[in-house]
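Shown here: input_26.tsv, TSV, C-alpha atoms.
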chain	number	residue	atom	x	y	z
C	154	MET	CA	67.30	97.70	97.67
C	155	GLY	CA	71.01	97.03	97.23
C	156	VAL	CA	73.30	94.39	98.69
C	157	ALA	CA	74.17	96.46	101.78
C	158	ALA	CA	70.50	97.10	102.51
C	159	ASP	CA	69.56	93.46	101.91
C	160	GLU	CA	72.32	92.19	104.19
C	161	ARG	CA	71.33	94.68	106.88
C	162	GLN	CA	67.77	93.39	106.88
C	163	ALA	CA	68.85	89.75	106.81
C	164	LEU	CA	71.27	90.29	109.68
C	165	SER	CA	68.60	92.11	111.71
C	166	SER	CA	66.20	89.20	111.22
C	167	LEU	CA	68.92	86.76	112.28
C	168	PHE	CA	69.57	88.85	115.39
C	169	GLU	CA	65.87	88.57	116.24
C	170	ASP	CA	65.91	84.81	115.69
C	171	LEU	CA	69.04	84.12	117.75
C	172	GLY	CA	68.71	86.63	120.57
C	173	PRO	CA	71.38	88.74	122.25
C	174	ASP	CA	73.69	86.04	123.58
C	175	ALA	CA	74.54	84.01	120.48
C	176	PRO	CA	78.18	83.65	119.47
C	177	THR	CA	79.76	85.44	116.51
C	178	LEU	CA	83.06	85.10	114.66
C	179	CYS	CA	84.16	88.42	116.18
C	180	GLU	CA	86.38	87.31	119.03
C	181	GLY	CA	84.82	88.04	122.41
C	182	TRP	CA	81.59	89.43	120.95
C	183	THR	CA	78.09	88.08	121.24
C	184	THR	CA	75.29	89.16	118.93
C	185	ARG	CA	74.52	91.95	121.42
C	186	ASP	CA	78.07	93.32	121.13
C	187	LEU	CA	78.00	93.17	117.35
C	188	ALA	CA	74.64	94.95	117.15
C	189	ALA	CA	75.92	97.68	119.46
C	190	HIS	CA	79.03	98.09	117.30
C	191	LEU	CA	76.89	98.58	114.20
C	192	VAL	CA	74.73	101.21	115.90
C	193	VAL	CA	77.73	103.15	117.23
C	194	ARG	CA	79.31	103.05	113.78
C	195	GLU	CA	76.27	104.76	112.24
C	196	HIS	CA	74.93	106.98	115.00
C	197	ARG	CA	77.84	108.28	117.07
C	198	PRO	CA	80.32	110.42	115.13
C	199	ASP	CA	82.09	111.16	118.40
C	200	ALA	CA	82.75	107.48	119.09
C	201	ALA	CA	83.01	105.90	115.64
C	202	PRO	CA	86.67	106.90	115.06
C	203	GLY	CA	87.73	104.61	117.90
C	204	ILE	CA	86.68	101.62	115.80
C	205	LEU	CA	89.79	102.21	113.69
C	206	VAL	CA	92.07	104.33	115.92
C	207	PRO	CA	93.47	102.38	118.91
C	208	ALA	CA	94.11	105.53	120.96
C	209	LEU	CA	90.39	106.30	120.90
C	210	ALA	CA	89.16	102.74	121.41
C	211	GLY	CA	88.54	103.11	125.15
C	212	TYR	CA	85.93	105.80	124.70
C	213	THR	CA	84.33	103.90	121.83
C	214	GLN	CA	84.06	100.80	124.02
C	215	LYS	CA	82.32	102.76	126.78
C	216	VAL	CA	79.77	104.13	124.32
C	217	GLN	CA	79.29	100.70	122.76
C	218	ASP	CA	78.70	99.14	126.17
C	219	ARG	CA	75.95	101.66	126.86
C	220	TYR	CA	74.22	100.75	123.63
C	221	ALA	CA	74.66	97.05	124.38
C	222	ALA	CA	72.78	97.55	127.65
C	223	LYS	CA	69.65	98.73	125.80
C	224	PRO	CA	66.67	96.38	125.43
C	225	TRP	CA	67.48	93.86	122.72
C	226	ALA	CA	64.44	94.59	120.54
C	227	SER	CA	65.24	98.31	120.56
C	228	LEU	CA	68.89	97.72	119.68
C	229	VAL	CA	68.02	95.43	116.78
C	230	GLN	CA	65.49	97.93	115.48
C	231	GLN	CA	68.19	100.58	115.38
C	232	VAL	CA	70.36	98.28	113.29
C	233	ARG	CA	67.43	97.56	111.00
C	234	ASN	CA	66.51	101.22	110.59
C	235	GLY	CA	69.97	102.13	109.39
C	236	PRO	CA	72.08	105.22	109.96
C	237	ALA	CA	71.01	108.49	111.47
C	238	LYS	CA	69.63	110.93	108.89
C	239	PHE	CA	72.67	113.18	109.20
C	240	TRP	CA	75.03	110.27	108.44
C	241	PRO	CA	76.42	110.25	104.87
C	242	THR	CA	75.49	106.60	104.33
C	243	ALA	CA	71.82	107.43	104.78
C	244	ILE	CA	72.11	108.13	101.02
C	245	GLY	CA	71.52	104.87	99.17
C	246	PRO	CA	74.51	104.90	96.78
C	247	LEU	CA	76.89	105.81	99.61
C	248	ASP	CA	75.39	103.05	101.73
C	249	GLU	CA	76.21	100.54	99.00
C	250	LEU	CA	79.71	101.95	98.54
C	251	THR	CA	80.71	101.87	102.20
C	252	ASN	CA	78.50	99.26	103.84
C	253	THR	CA	78.36	96.32	101.43
C	254	ALA	CA	81.44	94.61	102.86
C	255	GLU	CA	80.55	95.60	106.43
C	256	PHE	CA	77.15	93.96	106.41
C	257	LEU	CA	78.11	91.01	104.24
C	258	VAL	CA	80.95	90.13	106.60
C	259	HIS	CA	79.02	90.72	109.81
C	260	HIS	CA	75.99	88.78	108.55
C	261	GLU	CA	78.32	85.84	107.93
C	262	ASP	CA	80.01	86.45	111.30
C	263	VAL	CA	76.71	85.52	112.90
C	264	ARG	CA	75.62	82.82	110.45
C	265	ARG	CA	78.91	80.95	110.51
C	266	ALA	CA	79.31	81.03	114.27
C	267	GLN	CA	76.23	78.84	114.66
C	268	PRO	CA	76.38	75.01	114.67
C	269	GLY	CA	75.81	73.35	111.32
C	270	TRP	CA	76.27	76.46	109.20
C	271	ALA	CA	76.57	76.10	105.44
C	272	PRO	CA	77.38	78.62	102.70
C	273	ARG	CA	74.38	80.34	101.21
C	274	PRO	CA	73.36	79.44	97.65
C	275	ALA	CA	75.04	81.49	94.94
C	276	ASP	CA	73.47	84.87	94.20
C	277	PRO	CA	74.84	86.73	91.17
C	278	ILE	CA	74.29	90.23	92.57
C	279	ARG	CA	75.58	89.47	96.06
C	280	ASP	CA	78.53	87.49	94.71
C	281	ALA	CA	79.52	90.27	92.30
C	282	ALA	CA	79.49	92.75	95.18
C	283	ALA	CA	81.51	90.38	97.38
C	284	TRP	CA	84.08	89.94	94.62
C	285	ARG	CA	84.49	93.70	94.15
C	286	SER	CA	84.84	94.18	97.90
C	287	ALA	CA	87.30	91.31	98.29
C	288	LYS	CA	89.61	92.72	95.61
C	289	GLN	CA	89.53	96.19	97.12
C	290	ALA	CA	89.97	95.09	100.73
C	291	ALA	CA	92.73	92.60	99.95
C	292	LYS	CA	95.03	95.31	98.62
C	293	LEU	CA	94.86	97.05	102.01
C	294	ASN	CA	94.40	94.19	104.46
C	295	LEU	CA	97.01	91.88	102.92
C	296	ARG	CA	99.57	94.55	102.11
C	297	LYS	CA	101.93	93.20	104.80
C	298	ALA	CA	101.75	89.61	103.58
C	299	PRO	CA	105.28	88.29	102.97
C	300	VAL	CA	104.13	86.43	99.85
C	301	GLY	CA	102.39	87.30	96.60
C	302	VAL	CA	98.62	86.84	96.64
C	303	THR	CA	96.10	86.21	93.88
C	304	LEU	CA	92.37	85.75	94.41
C	305	ARG	CA	90.44	83.47	92.07
C	306	THR	CA	86.74	82.64	92.11
C	307	ASN	CA	85.43	79.19	91.32
C	308	THR	CA	84.18	80.59	88.01
C	309	GLY	CA	87.67	81.69	86.99
C	310	GLN	CA	87.69	85.41	87.79
C	311	GLU	CA	91.16	86.34	88.98
C	312	ALA	CA	92.88	89.31	90.56
C	313	ALA	CA	96.49	89.75	91.69
C	314	VAL	CA	96.15	91.75	94.90
C	315	LYS	CA	99.67	91.60	96.37
C	316	THR	CA	103.02	91.29	94.66
C	317	GLY	CA	105.75	89.33	96.35
C	318	PRO	CA	107.75	86.11	96.43
C	319	ASP	CA	106.36	82.58	96.78
C	320	PRO	CA	102.96	83.49	95.29
C	321	VAL	CA	99.80	81.94	96.69
C	322	THR	CA	96.47	81.74	94.88
C	323	ILE	CA	93.32	81.56	97.00
C	324	VAL	CA	90.39	79.89	95.27
C	325	GLY	CA	86.75	79.92	96.34
C	326	GLU	CA	83.39	81.60	96.23
C	327	PRO	CA	83.42	85.41	96.43
C	328	VAL	CA	81.88	85.60	99.90
C	329	ASP	CA	84.45	83.15	101.29
C	330	LEU	CA	87.27	85.15	99.68
C	331	LEU	CA	85.88	88.33	101.22
C	332	LEU	CA	85.72	86.73	104.66
C	333	PHE	CA	89.30	85.49	104.42
C	334	VAL	CA	90.51	88.95	103.45
C	335	PHE	CA	88.85	90.23	106.64
C	336	GLY	CA	90.57	87.62	108.80
C	337	ARG	CA	87.85	84.99	109.16
C	338	ASP	CA	88.72	81.30	108.98
C	339	ALA	CA	85.20	79.81	108.81
C	340	VAL	CA	85.56	79.55	105.04
C	341	HIS	CA	85.65	76.96	102.29
C	342	LEU	CA	88.76	77.80	100.26
C	343	ASP	CA	91.61	76.10	98.43
C	344	PHE	CA	95.17	77.42	98.48
C	345	GLU	CA	97.58	76.91	95.59
C	346	GLY	CA	101.27	77.45	96.31
C	347	ASP	CA	104.14	76.39	98.51
C	348	ALA	CA	102.89	75.02	101.83
C	349	ALA	CA	105.14	77.30	103.88
C	350	ALA	CA	103.94	80.34	101.91
C	351	VAL	CA	100.31	79.35	102.49
C	352	THR	CA	100.97	79.08	106.22
C	353	LYS	CA	102.54	82.55	106.27
C	354	LEU	CA	99.55	84.03	104.44
C	355	GLN	CA	97.04	82.36	106.75
C	356	SER	CA	98.92	83.71	109.76
C	357	VAL	CA	98.63	87.25	108.39
C	358	SER	CA	94.90	86.80	107.78
C	359	ARG	CA	94.29	85.47	111.30
C	360	GLY	CA	96.01	88.57	112.67
C	361	LEU	CA	93.63	91.00	111.00
Can you dump the structure from the file as structure tokens?
Amino acid sequence: MGVAADERQALSSLFEDLGPDAPTLCEGWTTRDLAAHLVVREHRPDAAPGILVPALAGYTQKVQDRYAAKPWASLVQQVRNGPAKFWPTAIGPLDELTNTAEFLVHHEDVRRAQPGWAPRPADPIRDAAAWRSAKQAAKLNLRKAPVGVTLRTNTGQEAAVKTGPDPVTIVGEPVDLLLFVFGRDAVHLDFEGDAAAVTKLQSVSRGL
């Protein structure tokens, strides 16, 4: 299996362990809400666009609520089983291309919302995938940052992802960098740069 498939299975197992009412880092969502989101994303082409398009979000929410009302074991099994056969990401390479960041981030959304969480031990394959995803996502998600941004791993890999004044360098493990780029603050990171510039960058990230 690949990273996306591994994270899917790990997240599904964590869902089973925690139950439907555990908190997540997704504001206002329990584990039940997050599981329903993942199923809608991969099974409902009519509703999935509303995940990204605000004008369609109302319909997507109604569909998601119906999935959330399903028995918990059935909902988790749908997450575990993966996309519908007609969905493009049912093809392994496409799954890795489009779902690695999705399942890495959402797995950590559940892990890191629980008391006493700690980063997982380093994994070369997972960390390489997280680093690739962080670089790609940062160029889109941080494009409105009013400062320059560089990502740097603790092993010295570096990528300039946003040009601009008052540059800030974010230093940490690849998974933590990925989570920051997607607006999560349950991360272990260091910031190098002017304090005011760091504050501006963190404000942009929290707004994602």
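Here atom CA of C:Ala175 and atom CA of C:Val192 stand 17.8 Å from one another.
Minimum atom-to-atom distance to C:Arg233, evaluated using only C-alpha atoms, belongs to C:Ser165 out of C:Ser165, C:Gln355, C:Glu160, C:Asn307.
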Enumerate, in order of chain and increasing residue number, the residues of stretch 191-220 of chain C with an atom no farther than 12 Å from stretch 242-265 of chain C, each with its shortest atom pair and distance in Å to one decimal, counting all atoms listed in the file, as CSV.
residue,atom,partner,partner_atom,distance
C:Leu191,CA,C:Phe256,CA,9.1
C:Arg194,CA,C:Glu255,CA,10.5
C:Glu195,CA,C:Thr242,CA,8.2
C:His196,CA,C:Thr242,CA,10.7
The distance between atom CA of C:Ala237 and atom CA of C:Asp159 is 17.9 Å
Residue nearest C:Ala222 among C:Trp284, C:Ala201, C:Ala189, C:Leu354 (counting all atoms listed in the file): C:Ala189
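Closest approach to C:Leu293 among C:Ser166, C:Val314, C:Arg219, C:Ala210 is made by C:Val314 (distances from all atoms listed in the file).
Across the model, the gap from atom CA of C:Gln214 to atom CA of C:Pro241 is 22.7 Å.
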Please list as JSON, numbers by chain every residue within 9 Å of stretch 336-348 of chain C, counting only C-alpha atoms and excluding residues in the same chain fewer than 5 positions away. {"C": [178, 179, 258, 262, 265, 266, 272, 294, 319, 320, 321, 322, 323, 324, 325, 326, 328, 329, 330, 331, 353, 355, 357, 358, 359, 360, 361]}
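Distance annotation: of C:Ala221, C:Ala271, C:Ala226, C:Ala282, the residue with the minimal separation from C:Val156 is C:Ala282; atom set is all atoms listed in the file.
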Between C:Thr303, C:Gly155, C:Pro268, C:Asp174, which one has atoms that come closest to C:Ala281, using all atoms listed in the file? C:Gly155
